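Enquirer: Sharing final_1.txt, compact mmCIF, C-alpha atoms:
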```txt
# COMPACT_ATOMS: atom_id res chain seq x y z
CA MET J 1 144.56 99.36 96.96
CA LYS J 2 144.67 99.08 100.72
CA SER J 3 147.35 96.99 102.42
CA GLN J 4 146.32 94.19 104.76
CA GLU J 5 147.25 96.40 107.72
CA GLN J 6 145.18 99.32 106.45
CA SER J 7 142.22 97.06 105.78
CA TYR J 8 142.21 95.73 109.33
CA ALA J 9 142.89 99.13 110.95
CA ALA J 10 139.29 100.19 111.70
CA PHE J 11 138.40 96.84 113.27
CA ARG J 12 141.68 96.82 115.19
CA GLU J 13 140.81 100.22 116.65
CA ILE J 14 137.38 99.02 117.81
CA SER J 15 138.86 95.84 119.27
CA GLN J 16 141.54 97.81 121.15
CA SER J 17 138.98 100.18 122.62
CA LEU J 18 137.16 97.14 124.04
CA GLY J 19 140.29 95.62 125.56
CA ILE J 20 141.32 92.98 123.02
CA VAL J 21 145.00 92.38 123.61
CA GLU J 22 147.70 91.96 120.96
CA ALA J 23 147.95 88.16 121.16
CA GLU J 24 144.19 87.75 120.81
CA TRP J 25 144.14 90.14 117.88
CA HIS J 26 146.80 88.15 116.04
CA TYR J 27 144.97 84.90 116.71
CA PHE J 28 141.92 86.46 115.09
CA GLN J 29 143.72 88.08 112.18
CA GLU J 30 145.42 84.84 111.16
CA ARG J 31 142.06 83.05 111.01
CA SER J 32 139.92 85.66 109.29
CA THR J 33 140.03 86.59 105.60
CA LEU J 34 139.85 89.78 103.57
CA LYS J 35 137.30 89.45 100.81
CA GLN J 36 136.42 91.61 97.83
CA VAL J 37 132.70 91.68 97.18
CA ASN J 38 131.54 92.92 93.81
CA ARG J 39 128.54 95.20 93.51
CA GLY J 40 125.39 93.12 93.13
CA THR J 41 126.81 90.09 94.97
CA ARG J 42 124.61 88.58 97.65
CA LEU J 43 126.60 87.94 100.81
CA ILE J 44 123.51 86.37 102.35
CA GLN J 45 120.77 84.67 100.39
CA ALA J 46 117.24 84.32 101.82
CA GLY J 47 116.39 80.67 102.37
CA GLU J 48 119.98 79.63 103.04
CA GLY J 49 121.90 79.08 106.26
CA VAL J 50 124.36 81.69 107.55
CA GLU J 51 127.77 80.63 108.81
CA ARG J 52 129.76 83.86 108.63
CA VAL J 53 129.69 87.41 109.86
CA TYR J 54 131.45 90.19 107.96
CA PHE J 55 133.01 93.45 109.05
CA CYS J 56 132.64 96.12 106.37
CA VAL J 57 135.96 97.82 105.61
CA GLU J 58 134.74 99.65 102.52
CA GLY J 59 131.40 99.61 100.76
CA LEU J 60 127.70 99.46 101.27
CA PHE J 61 125.06 96.75 101.72
CA ARG J 62 121.30 96.57 101.75
CA TYR J 63 119.24 94.06 103.72
CA PHE J 64 116.00 93.19 102.02
CA TYR J 65 112.99 90.91 102.16
CA VAL J 66 111.26 89.69 99.02
CA LEU J 67 107.56 90.00 99.77
CA GLU J 68 104.96 87.49 98.59
CA ASP J 69 103.92 89.67 95.66
CA GLY J 70 107.55 89.82 94.50
CA ARG J 71 108.27 93.36 95.69
CA GLU J 72 111.47 93.94 97.61
CA TYR J 73 111.40 95.69 100.96
CA ASN J 74 114.68 97.20 102.20
CA LYS J 75 114.86 96.75 105.93
CA SER J 76 118.24 98.33 106.55
CA PHE J 77 121.66 99.38 105.25
CA SER J 78 125.19 98.71 106.49
CA MET J 79 128.40 100.45 105.57
CA GLU J 80 131.96 101.09 106.76
CA LYS J 81 132.65 99.89 110.34
CA ASP J 82 129.37 97.95 110.51
CA PHE J 83 129.02 94.23 110.97
CA VAL J 84 127.12 92.54 108.15
CA THR J 85 125.22 89.27 108.53
CA SER J 86 121.80 87.77 109.15
CA TYR J 87 122.42 87.55 112.86
CA GLY J 88 119.28 85.77 113.99
CA ALA J 89 119.66 83.02 111.39
CA MET J 90 123.37 82.64 112.19
CA ILE J 91 122.99 82.17 115.94
CA SER J 92 119.89 80.00 115.73
CA GLY J 93 121.18 77.86 112.87
CA THR J 94 118.14 78.50 110.68
CA ALA J 95 117.72 79.81 107.14
CA SER J 96 117.83 83.57 106.69
CA HIS J 97 114.52 85.26 105.95
CA PHE J 98 116.21 88.12 104.11
CA SER J 99 119.08 88.67 101.68
CA VAL J 100 122.07 91.01 101.94
CA GLU J 101 123.43 92.52 98.72
CA ALA J 102 126.43 94.74 98.01
CA LEU J 103 125.33 98.08 96.53
CA GLU J 104 128.96 99.02 95.80
CA ASP J 105 132.18 97.12 95.18
CA SER J 106 133.06 96.38 98.80
CA LEU J 107 135.83 95.03 101.00
CA VAL J 108 134.96 92.97 104.08
CA ILE J 109 136.67 90.91 106.75
CA GLU J 110 135.08 87.47 106.70
CA ILE J 111 134.70 85.84 110.11
CA PRO J 112 133.34 82.28 110.37
CA TYR J 113 130.77 82.03 113.17
CA LYS J 114 132.73 79.10 114.61
CA LEU J 115 135.75 81.40 114.95
CA LEU J 116 133.64 84.07 116.64
CA GLN J 117 132.34 81.48 119.11
CA GLU J 118 135.89 80.30 119.77
CA LEU J 119 137.09 83.88 120.32
CA MET J 120 134.28 84.53 122.81
CA GLU J 121 135.27 81.42 124.73
CA ARG J 122 138.96 82.38 124.71
CA HIS J 123 138.81 85.92 125.94
CA HIS J 124 136.41 88.12 127.88
CA ALA J 125 137.04 91.11 125.60
CA TRP J 126 135.80 89.27 122.49
CA GLU J 127 132.60 88.49 124.36
CA ARG J 128 132.34 92.21 125.14
CA LEU J 129 132.84 93.11 121.49
CA VAL J 130 130.04 90.78 120.40
CA ARG J 131 127.78 92.00 123.21
CA CYS J 132 128.33 95.61 122.06
CA ALA J 133 127.77 94.67 118.40
CA VAL J 134 124.47 92.93 119.19
CA GLU J 135 123.41 95.93 121.27
CA GLN J 136 123.96 98.15 118.24
CA LEU J 137 121.88 95.81 116.08
CA TYR J 138 119.15 95.87 118.68
CA LEU J 139 119.18 99.67 119.01
CA LYS J 140 118.88 100.03 115.26
CA LYS J 141 115.82 97.78 115.22
CA GLU J 142 114.15 99.47 118.17
CA GLU J 143 114.64 102.88 116.53
CA ARG J 144 113.26 101.61 113.23
CA GLU J 145 110.19 100.18 114.99
CA ARG J 146 109.55 103.56 116.63
CA GLN J 147 109.94 105.42 113.35
CA LEU J 148 107.50 103.15 111.52
CA LEU J 149 104.94 103.64 114.30
CA PHE J 150 105.27 107.36 114.94
CA LEU J 151 106.72 109.15 111.93
CA ASP J 152 105.07 110.09 108.67
CA ALA J 153 106.98 109.88 105.37
CA ALA J 154 108.64 113.30 105.86
CA GLY J 155 109.70 112.38 109.39
CA ARG J 156 111.11 109.03 108.27
CA TYR J 157 113.01 110.80 105.49
CA ARG J 158 114.57 113.23 107.99
CA ALA J 159 115.42 110.37 110.34
CA PHE J 160 117.07 108.49 107.46
CA CYS J 161 119.23 111.53 106.60
CA GLN J 162 120.29 111.82 110.23
CA ALA J 163 120.95 108.12 110.80
CA TYR J 164 122.77 107.57 107.50
CA PRO J 165 124.53 110.85 106.67
CA GLY J 166 126.01 110.73 103.18
CA LEU J 167 123.93 107.75 102.11
CA LEU J 168 121.35 109.83 100.25
CA ASN J 169 123.81 110.24 97.39
CA ARG J 170 125.30 106.74 97.53
CA VAL J 171 122.15 104.66 97.33
CA PRO J 172 119.86 104.49 94.25
CA GLN J 173 116.75 106.51 95.05
CA TYR J 174 114.35 103.59 94.58
CA HIS J 175 116.21 101.68 97.28
CA ILE J 176 115.80 104.57 99.71
CA ALA J 177 112.12 104.85 98.78
CA SER J 178 111.72 101.11 99.49
CA TYR J 179 113.36 101.61 102.91
CA LEU J 180 111.06 104.52 103.73
CA GLY J 181 107.96 102.67 102.54
CA ILE J 182 107.08 105.33 99.94
CA SER J 183 107.19 105.64 96.15
CA ALA J 184 110.21 107.06 94.33
CA VAL J 185 108.00 109.99 93.24
CA SER J 186 107.11 110.83 96.85
CA LEU J 187 110.80 110.65 97.79
CA SER J 188 111.71 113.03 95.00
CA ARG J 189 109.03 115.44 96.27
CA LEU J 190 110.37 115.21 99.83
CA LYS J 191 113.92 115.97 98.70
CA LYS J 192 112.71 119.14 96.98
CA SER J 193 110.59 120.29 99.91
CA PRO J 194 112.17 123.19 101.87
CA HIS J 195 110.74 121.79 105.11
CA SER J 196 112.15 118.30 104.87
CA MET A 1 105.04 82.79 149.42
CA LYS A 2 108.36 81.88 147.89
CA SER A 3 111.53 81.98 149.96
CA GLN A 4 114.44 84.15 148.84
CA GLU A 5 116.22 81.02 147.64
CA GLN A 6 113.22 79.80 145.65
CA SER A 7 112.77 83.23 144.09
CA TYR A 8 116.35 83.35 142.86
CA ALA A 9 116.42 79.70 141.71
CA ALA A 10 115.49 80.18 138.04
CA PHE A 11 118.02 82.97 137.54
CA ARG A 12 120.65 80.98 139.43
CA GLU A 13 120.11 78.07 137.05
CA ILE A 14 120.58 80.27 133.98
CA SER A 15 123.67 81.89 135.47
CA GLN A 16 125.20 78.51 136.31
CA SER A 17 124.60 77.20 132.80
CA LEU A 18 126.59 80.19 131.49
CA GLY A 19 129.50 79.65 133.87
CA ILE A 20 128.84 82.17 136.65
CA VAL A 21 130.74 80.87 139.67
CA GLU A 22 129.51 80.79 143.27
CA ALA A 23 131.43 83.86 144.47
CA GLU A 24 130.16 85.97 141.59
CA TRP A 25 126.64 84.79 142.19
CA HIS A 26 126.77 85.84 145.85
CA TYR A 27 128.22 89.21 144.93
CA PHE A 28 125.23 89.70 142.66
CA GLN A 29 122.61 88.37 145.01
CA GLU A 30 123.70 90.65 147.86
CA ARG A 31 123.34 93.72 145.61
CA SER A 32 120.08 92.93 143.82
CA THR A 33 116.59 93.15 145.32
CA LEU A 34 113.41 91.10 145.17
CA LYS A 35 110.46 93.29 144.38
CA GLN A 36 106.71 92.70 144.39
CA VAL A 37 105.01 94.48 141.50
CA ASN A 38 101.26 94.89 141.71
CA ARG A 39 99.09 94.38 138.67
CA GLY A 40 98.72 97.66 136.78
CA THR A 41 102.05 99.07 138.00
CA ARG A 42 104.31 100.57 135.37
CA LEU A 43 107.86 99.33 135.82
CA ILE A 44 108.92 101.59 132.95
CA GLN A 45 107.17 104.81 132.02
CA ALA A 46 107.47 106.26 128.50
CA GLY A 47 109.30 109.59 128.56
CA GLU A 48 111.41 108.67 131.59
CA GLY A 49 114.96 107.38 131.91
CA VAL A 50 115.63 103.70 132.65
CA GLU A 51 118.20 102.71 135.25
CA ARG A 52 117.22 99.15 136.06
CA VAL A 53 116.67 95.82 134.45
CA TYR A 54 114.37 93.21 136.00
CA PHE A 55 114.33 89.45 135.89
CA CYS A 56 110.78 88.11 136.02
CA VAL A 57 110.39 85.42 138.68
CA GLU A 58 106.59 85.29 138.52
CA GLY A 59 104.10 87.30 136.52
CA LEU A 60 103.50 88.93 133.22
CA PHE A 61 104.26 92.27 131.58
CA ARG A 62 103.22 94.07 128.43
CA TYR A 63 105.38 96.55 126.52
CA PHE A 64 103.34 99.23 124.80
CA TYR A 65 103.55 102.45 122.88
CA VAL A 66 100.90 105.15 123.20
CA LEU A 67 100.27 106.31 119.63
CA GLU A 68 99.58 109.93 118.73
CA ASP A 69 95.84 109.37 118.55
CA GLY A 70 95.89 107.98 122.09
CA ARG A 71 95.56 104.31 121.12
CA GLU A 72 97.88 101.84 122.79
CA TYR A 73 99.94 99.43 120.72
CA ASN A 74 101.31 96.34 122.45
CA LYS A 75 104.71 95.60 121.05
CA SER A 76 105.58 92.58 123.16
CA PHE A 77 105.05 90.53 126.33
CA SER A 78 107.46 89.18 128.93
CA MET A 79 106.90 86.54 131.56
CA GLU A 80 108.69 84.05 133.83
CA LYS A 81 112.47 83.77 133.15
CA ASP A 82 112.45 86.82 130.86
CA PHE A 83 114.39 90.01 131.42
CA VAL A 84 112.19 93.08 131.59
CA THR A 85 113.37 96.58 130.76
CA SER A 86 113.50 99.21 128.03
CA TYR A 87 116.93 98.07 126.92
CA GLY A 88 117.71 100.65 124.26
CA ALA A 89 116.86 103.56 126.56
CA MET A 90 118.83 102.02 129.43
CA ILE A 91 122.09 101.50 127.54
CA SER A 92 121.93 104.78 125.63
CA GLY A 93 120.85 106.84 128.66
CA THR A 94 117.80 108.28 126.90
CA ALA A 95 114.10 108.35 127.78
CA SER A 96 112.08 105.24 126.98
CA HIS A 97 109.71 105.50 124.05
CA PHE A 98 107.41 102.84 125.50
CA SER A 99 106.00 101.79 128.86
CA VAL A 100 106.09 98.40 130.60
CA GLU A 101 103.12 97.44 132.77
CA ALA A 102 102.44 94.43 134.98
CA LEU A 103 99.40 92.50 133.76
CA GLU A 104 99.44 90.31 136.89
CA ASP A 105 100.76 90.66 140.42
CA SER A 106 104.39 89.86 139.74
CA LEU A 107 107.68 89.16 141.45
CA VAL A 108 110.94 90.41 139.93
CA ILE A 109 114.63 90.63 140.75
CA GLU A 110 115.62 94.28 140.41
CA ILE A 111 119.11 94.85 139.00
CA PRO A 112 120.49 98.40 138.78
CA TYR A 113 122.17 98.96 135.39
CA LYS A 114 125.29 100.15 137.24
CA LEU A 115 125.47 96.77 138.98
CA LEU A 116 125.07 94.96 135.65
CA GLN A 117 127.92 97.03 134.18
CA GLU A 118 130.08 96.26 137.19
CA LEU A 119 129.31 92.53 136.92
CA MET A 120 130.26 92.51 133.24
CA GLU A 121 133.58 94.17 134.09
CA ARG A 122 134.26 91.74 136.94
CA HIS A 123 133.66 88.45 135.22
CA HIS A 124 133.58 87.07 131.70
CA ALA A 125 130.54 84.90 132.40
CA TRP A 126 128.35 87.91 133.30
CA GLU A 127 129.29 89.45 129.98
CA ARG A 128 128.22 86.19 128.35
CA LEU A 129 124.91 86.25 130.18
CA VAL A 130 124.16 89.78 128.98
CA ARG A 131 125.29 88.93 125.43
CA CYS A 132 122.90 85.96 125.38
CA ALA A 133 120.08 88.06 126.85
CA VAL A 134 120.50 90.78 124.20
CA GLU A 135 120.59 88.10 121.50
CA GLN A 136 117.22 86.83 122.72
CA LEU A 137 115.81 90.37 122.61
CA TYR A 138 117.15 90.78 119.10
CA LEU A 139 115.76 87.44 117.90
CA LYS A 140 112.34 88.38 119.25
CA LYS A 141 112.38 91.65 117.32
CA GLU A 142 113.59 90.09 114.09
CA GLU A 143 110.86 87.46 114.28
CA ARG A 144 108.21 90.10 114.97
CA GLU A 145 109.41 92.15 111.98
CA ARG A 146 109.10 89.11 109.74
CA GLN A 147 105.61 88.28 111.04
CA LEU A 148 104.33 91.81 110.46
CA LEU A 149 105.67 91.75 106.89
CA PHE A 150 104.68 88.27 105.81
CA LEU A 151 101.79 86.96 107.89
CA ASP A 152 98.12 87.82 107.73
CA ALA A 153 96.02 88.08 110.89
CA ALA A 154 95.43 84.31 111.09
CA GLY A 155 99.16 83.62 110.64
CA ARG A 156 100.11 86.16 113.31
CA TYR A 157 97.57 84.59 115.66
CA ARG A 158 99.08 81.14 115.14
CA ALA A 159 102.59 82.53 115.61
CA PHE A 160 101.48 84.19 118.85
CA CYS A 161 100.06 80.91 120.17
CA GLN A 162 103.34 79.17 119.36
CA ALA A 163 105.66 81.86 120.71
CA TYR A 164 103.66 82.45 123.89
CA PRO A 165 102.06 79.12 124.82
CA GLY A 166 99.61 79.55 127.66
CA LEU A 167 99.39 83.32 127.27
CA LEU A 168 96.13 83.21 125.36
CA ASN A 169 94.30 82.58 128.60
CA ARG A 170 96.39 84.85 130.82
CA VAL A 171 96.19 88.10 128.83
CA PRO A 172 92.97 90.11 128.35
CA GLN A 173 91.80 89.57 124.79
CA TYR A 174 91.95 93.25 123.81
CA HIS A 175 95.65 93.27 124.71
CA ILE A 176 96.30 90.30 122.43
CA ALA A 177 94.28 91.97 119.67
CA SER A 178 96.40 95.12 120.09
CA TYR A 179 99.55 93.00 119.77
CA LEU A 180 98.27 91.30 116.63
CA GLY A 181 97.12 94.57 115.09
CA ILE A 182 93.50 93.45 114.77
CA SER A 183 90.20 94.21 116.49
CA ALA A 184 88.94 92.19 119.45
CA VAL A 185 86.07 91.00 117.25
CA SER A 186 88.48 89.65 114.62
CA LEU A 187 90.46 87.90 117.35
CA SER A 188 87.33 86.26 118.70
CA ARG A 189 86.52 85.03 115.18
CA LEU A 190 90.06 83.63 114.76
CA LYS A 191 89.83 81.74 118.04
CA LYS A 192 86.63 80.04 116.89
CA SER A 193 87.97 79.14 113.44
CA PRO A 194 88.85 75.43 113.09
CA HIS A 195 91.76 76.33 110.79
CA SER A 196 93.51 78.79 113.05
```
Would you mind writing the structure in this file as structure tokens?
Expert:
Amino acid sequence: MKSQEQSYAAFREISQSLGIVEAEWHYFQERSTLKQVNRGTRLIQAGEGVERVYFCVEGLFRYFYVLEDGREYNKSFSMEKDFVTSYGAMISGTASHFSVEALEDSLVIEIPYKLLQELMERHHAWERLVRCAVEQLYLKKEERERQLLFLDAAGRYRAFCQAYPGLLNRVPQYHIASYLGISAVSLSRLKKSPHS
Amino acid sequence: MKSQEQSYAAFREISQSLGIVEAEWHYFQERSTLKQVNRGTRLIQAGEGVERVYFCVEGLFRYFYVLEDGREYNKSFSMEKDFVTSYGAMISGTASHFSVEALEDSLVIEIPYKLLQELMERHHAWERLVRCAVEQLYLKKEERERQLLFLDAAGRYRAFCQAYPGLLNRVPQYHIASYLGISAVSLSRLKKSPHS
């Protein structure tokens, strides 16, 4: 099992690279919490408010909508060194439209949104960290939009393998198929194709 | 015609509300430029790099992809008090995947990305302004994703009227239809429907 120091190491590295000084880091560390999240747990539940953001130390999450006919649509995945939340709902104080579920036993740093707001007020570098994190969220969405418009199933499969290296063997195949908008059978065919 | 002071007023108000002090504002104003943009001009051209962000003082812009079959797909609109750019391409230094075109004769404040980066380094409040601006971009995309997944044509039409009040009469109908993913004929039918 990881020590507290080891668990915070990846986030500490990111924060240092963005100029967060020692005193600010300690202020943060004392007020955030390490949290084990069992596989299958929903960190965010559609229809509920969102008051926390998480930093993924270890593990894997899927973001999904439940469509009107009951089918689930995976909109994205997050793993180590990613932030995990329903960001739009959190900052606008509304209910989340999607759920976030752990696909593996995971370890996260739990950060109340109120703490994040306080940190941004306290120190320029925290504001920078959040700005950079939101930019990454935005980039991911813009890229996804482009893929859905321009790429066929084979192209989306290749883009998935590039964007999420290693995930192909960590995520159940039907979840990947749901992300790509194809059936599990089509995905299996794509994986076998020499051109994919 | 608006004076320089009048043209900068809306942006000044936003910047003040986020804590940008007088000296920082002047530093910015001296280094940015007011620019007239004629209707039909492309501020951003797909396939090209993006080195500037614009603040819309007056006017209206559409963001669109050209699909492989030559059709245009309107992904979004921006108007007064919005930032206008291809943000993902600008921050990642890649070519834009979409174009941005003025739908009306417009007036914008042109801000080189290098200046924006410098401002964020200089002063916490500029970082806050950019963080808030990116959050708005992100919210817009998340909402659009949800609409495309959950709403039928009539629902998307109602959402458009709510999100962009007044735009229904400013934008050519075929551009709105392209945004909603329906034909101009279907849009005309929706507008006449008492339930829409």
Enquirer: Select, from J:Glu5, J:Glu101, J:Glu68, J:Asp152, the residue with the minimum atom-to-atom distance to chain A, counting only C-alpha atoms.
Expert: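 The closest residue to chain A is J:Glu68.
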Enquirer: If you count all atoms listed in the file, which residues fall within 8 Å of range 16-25 of chain A, apart from same-chain ones fewer than 6 positions away, as a list in words?
Expert: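 Counting all atoms listed in the file, the residues come to His123, Ala125, Trp126, Arg128 and Leu129 of chain A.
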Enquirer: Restricted to C-alpha atoms, what would the selected residues look like written as a compact mmCIF listing (two decimals), in the coordinates of the input?
Expert:
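Once written, result-v6.txt looks like this:
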```txt
# COMPACT_ATOMS: atom_id res chain seq x y z
CA HIS A 123 133.66 88.45 135.22
CA ALA A 125 130.54 84.90 132.40
CA TRP A 126 128.35 87.91 133.30
CA ARG A 128 128.22 86.19 128.35
CA LEU A 129 124.91 86.25 130.18
```
Enquirer: Report, in Å with one decimal, the straight-line distance from CA of Gly181 in chain A to CA of Arg156 in chain A.
Expert: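 These two atoms are separated by 9.1 Å.
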Enquirer: Separation of CA of Gly70 in chain A and CA of Ile176 in chain A, in Å?
Expert: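 Computed distance, CA of Gly70 in chain A to CA of Ile176 in chain A, equals 17.7 Å.
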Enquirer: Could you work out how far CA of Lys140 in chain J lies from CA of Ala10 in chain J, giving the answer in Å with one decimal?
Expert: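 Interatomic distance here is 20.7 Å.
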Enquirer: Select, as a compact mmCIF listing (two decimals) with C-alpha atoms, in the frame of the given file, those residues of chain J with any atom no more than 8 Å from chain A (distances computed using only C-alpha atoms).
Expert:
```txt
# COMPACT_ATOMS: atom_id res chain seq x y z
CA LEU J 67 107.56 90.00 99.77
CA GLU J 68 104.96 87.49 98.59
CA GLY J 88 119.28 85.77 113.99
CA HIS J 97 114.52 85.26 105.95
CA HIS J 123 138.81 85.92 125.94
CA HIS J 124 136.41 88.12 127.88
CA GLU J 127 132.60 88.49 124.36
CA ARG J 128 132.34 92.21 125.14
CA VAL J 130 130.04 90.78 120.40
CA ARG J 131 127.78 92.00 123.21
CA VAL J 134 124.47 92.93 119.19
CA GLU J 135 123.41 95.93 121.27
CA LEU J 137 121.88 95.81 116.08
CA TYR J 138 119.15 95.87 118.68
CA LEU J 139 119.18 99.67 119.01
CA LYS J 141 115.82 97.78 115.22
CA GLU J 142 114.15 99.47 118.17
CA ARG J 146 109.55 103.56 116.63
CA LEU J 149 104.94 103.64 114.30
CA PHE J 150 105.27 107.36 114.94
```
Enquirer: Set up a box along x, y and z of the file covering all listed atoms of range 85-94 of chain A, add 5 Å on every one of the six sides, and write the centre and edge lengths in Å to one decimal, as AutoDock Vina command-line options.
Expert:
```
--center_x 117.7 --center_y 102.4 --center_z 127.5 --size_x 18.7 --size_y 21.7 --size_z 16.5
```
Enquirer: Choose the residue, out of A:Lys192, A:Lys81, A:Lys35, A:Arg144, that has the smallest atom-to-atom separation from Glu13 in chain A; count only C-alpha atoms.
Expert: A:Lys81
Enquirer: Within 10 Å of (135.8, 93.7, 106.9), in the coordinates the file gives, what residues turn up when you count all atoms listed in the file, written out as a list in words?
Expert: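 Selection result: Ser7, Tyr8, Ala9, Ala10, Phe11, Ser32, Thr33, Leu34, Lys35, Gln36, Val53, Tyr54, Phe55, Cys56, Val57, Glu58, Gly59, Glu80, Lys81, Asp82, Phe83, Val84, Ser106, Leu107, Val108, Ile109, Glu110 and Ile111 of chain J.
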